[in-house]
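The block underneath contains the structure these notes are about, expressed in structure tokens.
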Amino acid sequence: QLAAEKPKVAIDWNDIMAEDLRQVLMHEFKSDDMGGNPSQDLMLRAVDEYIYALDIEMHQKLIFADVSDGGLYNENDPSKSLDAVKDKRVYDANYQRFISDLEARFDDINGRQDGGALRQLILWRESLDLQPKKDEQDVCSDLLATNQAIFEKMNCISKVNLQSLCDTQKDDIEEYSPGLCVSVNSSDQTTTIVIVLCSVLGGGFLVLVLLFVFHQFRKMRAIAQGHEQLMEATLNESIRSLRQLDYPLHLVRGDDFVA
């Protein structure tokens, strides 16, 4: 159908522009057996907003817009429409402007969705069953290693703990936040030192407590032994005094004595 309409399009466009558009559309809507998924754009929330933004920026402001307005088309003389090769500098500048404006529109749409662009990306991956499965932290870890500008743009800093990645992505962390992993290692060393010191002090305190208890035990035992020796000496002295008396002495119970 696209091929059949090419001559009609070429009346107002040059052949290169018509062919370029046909190639773009064929790529975007290629069949499943060619590795495409014609309905993948429908698997996103707010898809109508994305398509509307693309229509405005691509068709109304680029392809069908006059060269004087930053487009590619020459309304006065279609044969003088911008050529990707002959007019490369202006063509590339207008194309980059289109990319920037479309990106700004998409960012605005993403910002109005729950979870932003990052959540949109996760939902899109899940809907296509892309492998391997990745959650937000996995995606952000990959972005940290490959594109830190997008990492910032998607607010991944709120999804990952950079310090926990020092063991697996130290170089990436150091590039993103120089010195962070060094401070983490220093903090870990400090923590280790504090733990060791606390263990030593705790062990020393325990030894002191045990020594104090042992000393108190020996002291109490010495007092008990002294008291026993004193009682024994008193009894011995009593017996010795009884043996020195010249008259008999009998011990009588108190109640018998009173009676």
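Letters A, B, ... go to the chains of the structure tokens in the order shown; residues in each chain start at 1; ligands are counted from 1 in the same order.
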Name the residues of segment 107-249 of chain A that fall into alpha helix (DSSP H) according to DSSP on the backbone, using the chain letters and numbers of this document, as a VMD selection string. chain A and resid 107 to 111 116 to 127 136 to 146 148 to 153 170 to 176 180 to 244
Would you kindly return, as a PyMOL selection string, each protein, DNA or RNA residue with an atom no farther than 9 Å from any atom of segment 68-75 of chain A, considering only C-alpha atoms and excluding same-chain residues fewer than 5 positions away? chain A and resi 12-13+17+60-63+80-83+90-91+93-95+97-98
Contact residues around Cys156 of chain A with only C-alpha atoms at 12 Å, ignoring same-chain residues under 2 positions, as a list in words: Gly115, Gly116, Ala117, Leu118, Arg119, Asp135, Glu136, Gln137, Asp138, Val139, Cys140, Ser141, Asp142, Leu143, Leu144, Asn147, Gln148, Ala149, Ile150, Phe151, Glu152, Lys153, Met154, Ser158, Lys159, Val160, Asn161 and Leu162 of chain A
Closest to Leu121 of chain A among A:Arg22, A:Arg45, A:Arg253, A:Lys170, using only C-alpha atoms?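 Of all the options, A:Arg45 lies closest to Leu121 of chain A.
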Arg105 of chain A surroundings by only C-alpha atoms, 10 Å radius, close-in-sequence under 6 positions cut, as a VMD selection string: chain A and resid 49 to 50 52 to 54 57 99 111
